[in-house]
$ cat query.pdb   # PDB, C-alpha atoms, pLDDT in the B column
ATOM      1  CA  MET A   1      79.754  24.274  -3.764  1.00 51.00           C
ATOM      2  CA  PRO A   2      79.481  24.455   0.043  1.00 55.00           C
ATOM      3  CA  PRO A   3      78.514  21.262   1.839  1.00 53.00           C
ATOM      4  CA  THR A   4      74.841  20.972   2.585  1.00 51.00           C
ATOM      5  CA  ARG A   5      73.865  21.154   6.184  1.00 52.00           C
ATOM      6  CA  ARG A   6      72.212  17.947   7.326  1.00 50.00           C
ATOM      7  CA  LEU A   7      69.268  18.481   9.623  1.00 48.00           C
ATOM      8  CA  LYS A   8      68.647  15.721  12.085  1.00 47.00           C
ATOM      9  CA  ARG A   9      64.898  15.183  12.554  1.00 48.00           C
ATOM     10  CA  THR A  10      65.116  11.969  14.482  1.00 57.00           C
ATOM     11  CA  HIS A  11      66.323  13.794  17.592  1.00 85.00           C
ATOM     12  CA  ARG A  12      63.384  14.997  19.679  1.00 90.00           C
ATOM     13  CA  PRO A  13      64.286  18.421  21.121  1.00 95.00           C
ATOM     14  CA  LEU A  14      63.917  19.098  24.839  1.00 96.00           C
ATOM     15  CA  ALA A  15      61.032  21.512  24.169  1.00 96.00           C
ATOM     16  CA  ALA A  16      59.148  18.723  22.341  1.00 97.00           C
ATOM     17  CA  TRP A  17      59.648  16.466  25.369  1.00 97.00           C
ATOM     18  CA  GLY A  18      58.239  19.286  27.490  1.00 97.00           C
ATOM     19  CA  LEU A  19      55.195  19.511  25.228  1.00 98.00           C
ATOM     20  CA  LEU A  20      54.727  15.769  25.442  1.00 98.00           C
ATOM     21  CA  VAL A  21      54.804  15.814  29.262  1.00 98.00           C
ATOM     22  CA  LEU A  22      52.375  18.758  29.399  1.00 98.00           C
ATOM     23  CA  LEU A  23      49.980  17.123  26.942  1.00 98.00           C
ATOM     24  CA  VAL A  24      49.945  13.820  28.830  1.00 98.00           C
ATOM     25  CA  PHE A  25      49.403  15.651  32.144  1.00 98.00           C
ATOM     26  CA  LEU A  26      46.607  17.772  30.675  1.00 98.00           C
ATOM     27  CA  GLY A  27      45.105  14.805  28.847  1.00 98.00           C
ATOM     28  CA  LEU A  28      44.895  12.512  31.856  1.00 98.00           C
ATOM     29  CA  THR A  29      43.667  15.160  34.297  1.00 98.00           C
ATOM     30  CA  ALA A  30      41.164  16.672  31.865  1.00 98.00           C
ATOM     31  CA  LEU A  31      39.832  13.236  31.019  1.00 98.00           C
ATOM     32  CA  GLY A  32      39.318  12.536  34.715  1.00 97.00           C
ATOM     33  CA  GLY A  33      37.745  15.949  35.294  1.00 97.00           C
ATOM     34  CA  GLY A  34      35.463  15.539  32.311  1.00 98.00           C
ATOM     35  CA  VAL A  35      34.242  12.158  33.536  1.00 98.00           C
ATOM     36  CA  GLU A  36      33.580  13.655  36.979  1.00 97.00           C
ATOM     37  CA  LEU A  37      31.524  16.508  35.516  1.00 97.00           C
ATOM     38  CA  VAL A  38      29.454  14.148  33.371  1.00 97.00           C
ATOM     39  CA  LEU A  39      28.854  11.725  36.260  1.00 97.00           C
ATOM     40  CA  PHE A  40      27.811  14.563  38.592  1.00 97.00           C
ATOM     41  CA  PRO A  41      25.923  16.913  36.244  1.00 96.00           C
ATOM     42  CA  HIS A  42      24.496  19.002  39.096  1.00 95.00           C
ATOM     43  CA  GLY A  43      27.741  19.258  41.023  1.00 93.00           C
ATOM     44  CA  ASN A  44      29.478  17.654  43.977  1.00 93.00           C
ATOM     45  CA  GLU A  45      31.753  18.769  46.793  1.00 92.00           C
ATOM     46  CA  TYR A  46      34.591  19.649  44.380  1.00 90.00           C
ATOM     47  CA  VAL A  47      32.549  21.319  41.640  1.00 92.00           C
ATOM     48  CA  PRO A  48      29.471  22.866  43.261  1.00 92.00           C
ATOM     49  CA  GLY A  49      26.258  23.122  41.311  1.00 92.00           C
ATOM     50  CA  ALA A  50      25.946  26.713  42.570  1.00 92.00           C
ATOM     51  CA  TRP A  51      28.739  27.695  40.183  1.00 91.00           C
ATOM     52  CA  LEU A  52      26.330  27.018  37.311  1.00 91.00           C
ATOM     53  CA  ASP A  53      24.074  29.896  38.435  1.00 89.00           C
ATOM     54  CA  GLY A  54      26.319  32.581  36.970  1.00 83.00           C
ATOM     55  CA  MET A  55      27.023  30.848  33.667  1.00 89.00           C
ATOM     56  CA  PRO A  56      25.085  31.702  30.529  1.00 90.00           C
ATOM     57  CA  MET A  57      23.645  28.824  28.449  1.00 90.00           C
ATOM     58  CA  VAL A  58      24.848  26.126  30.887  1.00 91.00           C
ATOM     59  CA  ASP A  59      22.354  24.359  33.156  1.00 93.00           C
ATOM     60  CA  THR A  60      24.426  21.293  34.059  1.00 96.00           C
ATOM     61  CA  TRP A  61      28.070  20.245  33.980  1.00 96.00           C
ATOM     62  CA  VAL A  62      27.485  17.785  31.109  1.00 97.00           C
ATOM     63  CA  VAL A  63      28.547  20.016  28.205  1.00 96.00           C
ATOM     64  CA  PRO A  64      31.582  21.449  30.042  1.00 96.00           C
ATOM     65  CA  GLY A  65      32.440  17.879  31.056  1.00 97.00           C
ATOM     66  CA  LEU A  66      32.314  16.686  27.457  1.00 98.00           C
ATOM     67  CA  VAL A  67      34.451  19.617  26.282  1.00 97.00           C
ATOM     68  CA  LEU A  68      36.929  18.988  29.086  1.00 98.00           C
ATOM     69  CA  GLY A  69      37.057  15.205  28.674  1.00 98.00           C
ATOM     70  CA  ILE A  70      36.931  14.893  24.904  1.00 98.00           C
ATOM     71  CA  GLY A  71      38.438  18.175  23.742  1.00 97.00           C
ATOM     72  CA  PHE A  72      41.184  18.689  26.282  1.00 98.00           C
ATOM     73  CA  GLY A  73      41.501  15.118  27.594  1.00 98.00           C
ATOM     74  CA  LEU A  74      41.455  12.930  24.510  1.00 98.00           C
ATOM     75  CA  GLY A  75      42.605  15.810  22.289  1.00 98.00           C
ATOM     76  CA  SER A  76      45.742  16.319  24.377  1.00 98.00           C
ATOM     77  CA  LEU A  77      46.535  12.614  24.419  1.00 98.00           C
ATOM     78  CA  VAL A  78      46.154  12.373  20.629  1.00 98.00           C
ATOM     79  CA  ALA A  79      48.318  15.477  20.143  1.00 98.00           C
ATOM     80  CA  GLY A  80      50.928  13.980  22.479  1.00 98.00           C
ATOM     81  CA  TYR A  81      50.892  10.759  20.459  1.00 97.00           C
ATOM     82  CA  GLY A  82      51.387  12.870  17.337  1.00 95.00           C
ATOM     83  CA  ILE A  83      54.443  14.568  18.818  1.00 96.00           C
ATOM     84  CA  LEU A  84      55.849  11.260  20.023  1.00 95.00           C
ATOM     85  CA  ARG A  85      55.324   9.170  16.869  1.00 93.00           C
ATOM     86  CA  ARG A  86      54.594  11.764  14.144  1.00 91.00           C
ATOM     87  CA  PRO A  87      52.142   9.504  12.290  1.00 90.00           C
ATOM     88  CA  HIS A  88      51.010  10.511   8.835  1.00 89.00           C
ATOM     89  CA  TRP A  89      47.223  10.532   8.710  1.00 85.00           C
ATOM     90  CA  ARG A  90      45.926  11.327   5.234  1.00 87.00           C
ATOM     91  CA  TRP A  91      42.786  13.044   6.497  1.00 89.00           C
ATOM     92  CA  LEU A  92      44.966  15.657   8.254  1.00 88.00           C
ATOM     93  CA  CYS A  93      47.068  16.525   5.187  1.00 90.00           C
ATOM     94  CA  GLY A  94      45.114  19.759   4.780  1.00 89.00           C
ATOM     95  CA  VAL A  95      46.213  20.890   8.228  1.00 88.00           C
ATOM     96  CA  GLU A  96      49.824  20.103   7.380  1.00 87.00           C
ATOM     97  CA  SER A  97      49.558  21.977   4.076  1.00 89.00           C
ATOM     98  CA  ALA A  98      47.989  24.999   5.744  1.00 91.00           C
ATOM     99  CA  THR A  99      50.488  25.197   8.615  1.00 90.00           C
ATOM    100  CA  SER A 100      53.633  23.702   7.010  1.00 92.00           C
ATOM    101  CA  HIS A 101      53.927  21.582  10.167  1.00 94.00           C
ATOM    102  CA  HIS A 102      52.850  18.163  11.346  1.00 93.00           C
ATOM    103  CA  TRP A 103      49.194  18.184  12.457  1.00 94.00           C
ATOM    104  CA  SER A 104      50.258  17.636  16.080  1.00 95.00           C
ATOM    105  CA  TRP A 105      51.900  21.074  16.074  1.00 96.00           C
ATOM    106  CA  ALA A 106      48.609  22.777  15.180  1.00 95.00           C
ATOM    107  CA  ALA A 107      46.694  20.582  17.644  1.00 97.00           C
ATOM    108  CA  THR A 108      49.081  21.454  20.473  1.00 98.00           C
ATOM    109  CA  TRP A 109      48.933  25.166  19.729  1.00 97.00           C
ATOM    110  CA  LEU A 110      45.120  25.113  19.556  1.00 97.00           C
ATOM    111  CA  ILE A 111      44.839  23.115  22.793  1.00 98.00           C
ATOM    112  CA  GLY A 112      47.079  25.687  24.493  1.00 98.00           C
ATOM    113  CA  ILE A 113      44.962  28.597  23.231  1.00 98.00           C
ATOM    114  CA  GLY A 114      41.811  26.698  24.179  1.00 98.00           C
ATOM    115  CA  MET A 115      43.098  26.112  27.703  1.00 98.00           C
ATOM    116  CA  LEU A 116      43.858  29.811  28.110  1.00 98.00           C
ATOM    117  CA  VAL A 117      40.311  30.655  26.977  1.00 98.00           C
ATOM    118  CA  TRP A 118      38.872  27.983  29.316  1.00 97.00           C
ATOM    119  CA  ILE A 119      40.725  29.490  32.301  1.00 97.00           C
ATOM    120  CA  LEU A 120      39.695  33.014  31.292  1.00 97.00           C
ATOM    121  CA  LEU A 121      36.040  31.901  31.221  1.00 95.00           C
ATOM    122  CA  GLU A 122      36.467  30.320  34.650  1.00 93.00           C
ATOM    123  CA  LEU A 123      37.871  33.587  35.966  1.00 94.00           C
ATOM    124  CA  ILE A 124      34.925  35.498  34.508  1.00 94.00           C
ATOM    125  CA  TYR A 125      32.064  33.201  35.528  1.00 93.00           C
ATOM    126  CA  ILE A 126      33.222  31.415  38.693  1.00 90.00           C
ATOM    127  CA  SER A 127      33.719  33.678  41.683  1.00 87.00           C
ATOM    128  CA  GLU A 128      35.880  31.298  43.739  1.00 90.00           C
ATOM    129  CA  ARG A 129      39.600  31.145  42.980  1.00 91.00           C
ATOM    130  CA  SER A 130      41.920  28.173  43.154  1.00 91.00           C
ATOM    131  CA  PHE A 131      45.600  27.491  42.521  1.00 94.00           C
ATOM    132  CA  ILE A 132      44.347  25.006  39.903  1.00 94.00           C
ATOM    133  CA  GLU A 133      43.481  27.923  37.619  1.00 96.00           C
ATOM    134  CA  GLY A 134      47.080  29.083  37.839  1.00 96.00           C
ATOM    135  CA  VAL A 135      48.411  25.593  37.122  1.00 98.00           C
ATOM    136  CA  TYR A 136      46.244  25.071  34.042  1.00 98.00           C
ATOM    137  CA  GLY A 137      46.732  28.655  32.877  1.00 98.00           C
ATOM    138  CA  ALA A 138      50.481  28.000  32.985  1.00 98.00           C
ATOM    139  CA  VAL A 139      49.995  24.700  31.125  1.00 98.00           C
ATOM    140  CA  GLY A 140      48.064  26.497  28.375  1.00 98.00           C
ATOM    141  CA  LEU A 141      50.659  29.250  28.119  1.00 98.00           C
ATOM    142  CA  LEU A 142      53.530  26.751  28.014  1.00 98.00           C
ATOM    143  CA  LEU A 143      51.802  24.734  25.274  1.00 98.00           C
ATOM    144  CA  VAL A 144      51.547  27.871  23.140  1.00 98.00           C
ATOM    145  CA  VAL A 145      55.065  29.148  23.869  1.00 98.00           C
ATOM    146  CA  LEU A 146      56.887  25.813  23.551  1.00 98.00           C
ATOM    147  CA  SER A 147      55.089  25.019  20.293  1.00 97.00           C
ATOM    148  CA  LEU A 148      56.594  28.207  18.848  1.00 96.00           C
ATOM    149  CA  PHE A 149      60.194  27.269  19.701  1.00 97.00           C
ATOM    150  CA  PRO A 150      62.270  26.953  16.493  1.00 96.00           C
ATOM    151  CA  SER A 151      63.515  23.490  17.510  1.00 95.00           C
ATOM    152  CA  VAL A 152      59.924  22.244  17.895  1.00 96.00           C
ATOM    153  CA  ARG A 153      58.817  23.853  14.642  1.00 95.00           C
ATOM    154  CA  LEU A 154      61.714  22.219  12.801  1.00 94.00           C
ATOM    155  CA  TYR A 155      61.081  18.855  14.458  1.00 95.00           C
ATOM    156  CA  LEU A 156      57.394  18.984  13.537  1.00 94.00           C
ATOM    157  CA  ARG A 157      57.841  19.954   9.901  1.00 91.00           C
ATOM    158  CA  PRO A 158      56.087  17.505   7.558  1.00 79.00           C
ATOM    159  CA  ARG A 159      58.358  14.644   6.543  1.00 70.00           C
ATOM    160  CA  ALA A 160      58.388  15.687   2.888  1.00 57.00           C
ATOM    161  CA  ALA A 161      59.549  19.181   3.825  1.00 50.00           C
ATOM    162  CA  ALA A 162      62.257  17.760   6.053  1.00 48.00           C
ATOM    163  CA  GLY A 163      63.418  15.518   3.218  1.00 46.00           C
ATOM    164  CA  SER A 164      63.799  18.499   0.907  1.00 44.00           C
ATOM    165  CA  LEU A 165      65.782  20.294   3.629  1.00 43.00           C
ATOM    166  CA  ARG A 166      68.130  17.338   3.892  1.00 42.00           C
ATOM    167  CA  GLN A 167      68.712  17.522   0.156  1.00 42.00           C
ATOM    168  CA  GLY A 168      69.824  21.141   0.515  1.00 41.00           C
ATOM    169  CA  ALA A 169      66.711  22.704  -1.035  1.00 39.00           C
ATOM    170  CA  GLU A 170      65.314  25.944   0.286  1.00 39.00           C
ATOM    171  CA  PRO A 171      62.339  25.612   2.670  1.00 40.00           C
TER     172      PRO A 171
END

$ encode --input "query.pdb" --output "structure tokens"
Amino acid sequence: MPPTRRLKRTHRPLAAWGLLVLLVFLGLTALGGGVELVLFPHGNEYVPGAWLDGMPMVDTWVVPGLVLGIGFGLGSLVAGYGILRRPHWRWLCGVESATSHHWSWAATWLIGIGMLVWILLELIYISERSFIEGVYGAVGLLLVVLSLFPSVRLYLRPRAAAGSLRQGAEP
């Protein structure tokens, strides 16, 4: 019988560190941006109220601010915590069953897709362009791409699945 290959899950791959850095960056900046939008619902010198004129169903910056601050800000920080500590939260077991990965993997992937959609909507509805759109578009793309790396997918397998891999069972 050939020796079983031991998979080391305690080592955090470089791509997972990259995801963690991106999520913390996105989380902190989106949280700050979301607070700014909520505090200045009709715009300010950085986010003019005139930009609201071309947007359907949006009269103030409050709803975009809440999406930015809570969804991308807090969501990214929670996903980053999940990648860092890999906590087991019972209420997210369904996500882990559906994806065969730790819930933070799905959260990171969804945040990346969401950021790409957010930037696309900015490009459609806001006529002015900024390098910021390129930065956050790249962040979204990197979140999606890095989350698909085999090393990240292996690292973020549920603990039970990793245990069966260590025992030599088929995944």

$ atom_distance --input "query.pdb" --atom1 "atom CA of Val117 of chain A" --atom2 "atom CA of Gly94 of chain A"
25.2 Å

$ resolve_selection --input "query.pdb" --expression "the PyMOL selection byres ((chain A and resi 51) around 12)" --output "VMD selection string"
chain A and resid 41 to 50 52 to 56 58 to 61 122 to 129

$ write_last_selection --input "query.pdb" --atoms "C-alpha atoms" --output "PDB file, in the frame of the given file"
ATOM      1  CA  PRO A  41      25.923  16.913  36.244  1.00 96.00           C
ATOM      2  CA  HIS A  42      24.496  19.002  39.096  1.00 95.00           C
ATOM      3  CA  GLY A  43      27.741  19.258  41.023  1.00 93.00           C
ATOM      4  CA  ASN A  44      29.478  17.654  43.977  1.00 93.00           C
ATOM      5  CA  GLU A  45      31.753  18.769  46.793  1.00 92.00           C
ATOM      6  CA  TYR A  46      34.591  19.649  44.380  1.00 90.00           C
ATOM      7  CA  VAL A  47      32.549  21.319  41.640  1.00 92.00           C
ATOM      8  CA  PRO A  48      29.471  22.866  43.261  1.00 92.00           C
ATOM      9  CA  GLY A  49      26.258  23.122  41.311  1.00 92.00           C
ATOM     10  CA  ALA A  50      25.946  26.713  42.570  1.00 92.00           C
ATOM     11  CA  LEU A  52      26.330  27.018  37.311  1.00 91.00           C
ATOM     12  CA  ASP A  53      24.074  29.896  38.435  1.00 89.00           C
ATOM     13  CA  GLY A  54      26.319  32.581  36.970  1.00 83.00           C
ATOM     14  CA  MET A  55      27.023  30.848  33.667  1.00 89.00           C
ATOM     15  CA  PRO A  56      25.085  31.702  30.529  1.00 90.00           C
ATOM     16  CA  VAL A  58      24.848  26.126  30.887  1.00 91.00           C
ATOM     17  CA  ASP A  59      22.354  24.359  33.156  1.00 93.00           C
ATOM     18  CA  THR A  60      24.426  21.293  34.059  1.00 96.00           C
ATOM     19  CA  TRP A  61      28.070  20.245  33.980  1.00 96.00           C
ATOM     20  CA  GLU A 122      36.467  30.320  34.650  1.00 93.00           C
ATOM     21  CA  LEU A 123      37.871  33.587  35.966  1.00 94.00           C
ATOM     22  CA  ILE A 124      34.925  35.498  34.508  1.00 94.00           C
ATOM     23  CA  TYR A 125      32.064  33.201  35.528  1.00 93.00           C
ATOM     24  CA  ILE A 126      33.222  31.415  38.693  1.00 90.00           C
ATOM     25  CA  SER A 127      33.719  33.678  41.683  1.00 87.00           C
ATOM     26  CA  GLU A 128      35.880  31.298  43.739  1.00 90.00           C
ATOM     27  CA  ARG A 129      39.600  31.145  42.980  1.00 91.00           C
TER      28      ARG A 129
END

$ closest_residue --input "query.pdb" --among "A:Leu37, A:Ala30, A:Ile83, A:Leu148" --to "His102 of chain A" --atoms "all atoms listed in the file"
A:Ile83

$ resolve_selection --input "query.pdb" --expression "the PyMOL selection byres ((chain A and resi 115) around 10)" --output "ChimeraX atom specification"
/A:26,68,72,109-114,116-121,136-141,143-144

$ write_last_selection --input "query.pdb" --atoms "C-alpha atoms" --output "PDB file, in the coordinates of the input"
ATOM      1  CA  LEU A  26      46.607  17.772  30.675  1.00 98.00           C
ATOM      2  CA  LEU A  68      36.929  18.988  29.086  1.00 98.00           C
ATOM      3  CA  PHE A  72      41.184  18.689  26.282  1.00 98.00           C
ATOM      4  CA  TRP A 109      48.933  25.166  19.729  1.00 97.00           C
ATOM      5  CA  LEU A 110      45.120  25.113  19.556  1.00 97.00           C
ATOM      6  CA  ILE A 111      44.839  23.115  22.793  1.00 98.00           C
ATOM      7  CA  GLY A 112      47.079  25.687  24.493  1.00 98.00           C
ATOM      8  CA  ILE A 113      44.962  28.597  23.231  1.00 98.00           C
ATOM      9  CA  GLY A 114      41.811  26.698  24.179  1.00 98.00           C
ATOM     10  CA  LEU A 116      43.858  29.811  28.110  1.00 98.00           C
ATOM     11  CA  VAL A 117      40.311  30.655  26.977  1.00 98.00           C
ATOM     12  CA  TRP A 118      38.872  27.983  29.316  1.00 97.00           C
ATOM     13  CA  ILE A 119      40.725  29.490  32.301  1.00 97.00           C
ATOM     14  CA  LEU A 120      39.695  33.014  31.292  1.00 97.00           C
ATOM     15  CA  LEU A 121      36.040  31.901  31.221  1.00 95.00           C
ATOM     16  CA  TYR A 136      46.244  25.071  34.042  1.00 98.00           C
ATOM     17  CA  GLY A 137      46.732  28.655  32.877  1.00 98.00           C
ATOM     18  CA  ALA A 138      50.481  28.000  32.985  1.00 98.00           C
ATOM     19  CA  VAL A 139      49.995  24.700  31.125  1.00 98.00           C
ATOM     20  CA  GLY A 140      48.064  26.497  28.375  1.00 98.00           C
ATOM     21  CA  LEU A 141      50.659  29.250  28.119  1.00 98.00           C
ATOM     22  CA  LEU A 143      51.802  24.734  25.274  1.00 98.00           C
ATOM     23  CA  VAL A 144      51.547  27.871  23.140  1.00 98.00           C
TER      24      VAL A 144
END

$ axis_aligned_box --input "query.pdb" --around "segment 121-127 of chain A" --padding-each-side "4 Å" --output "lines of an AutoDock Vina configuration file"
center_x = 35.0
center_y = 32.9
center_z = 36.5
size_x = 13.8
size_y = 13.2
size_z = 18.5
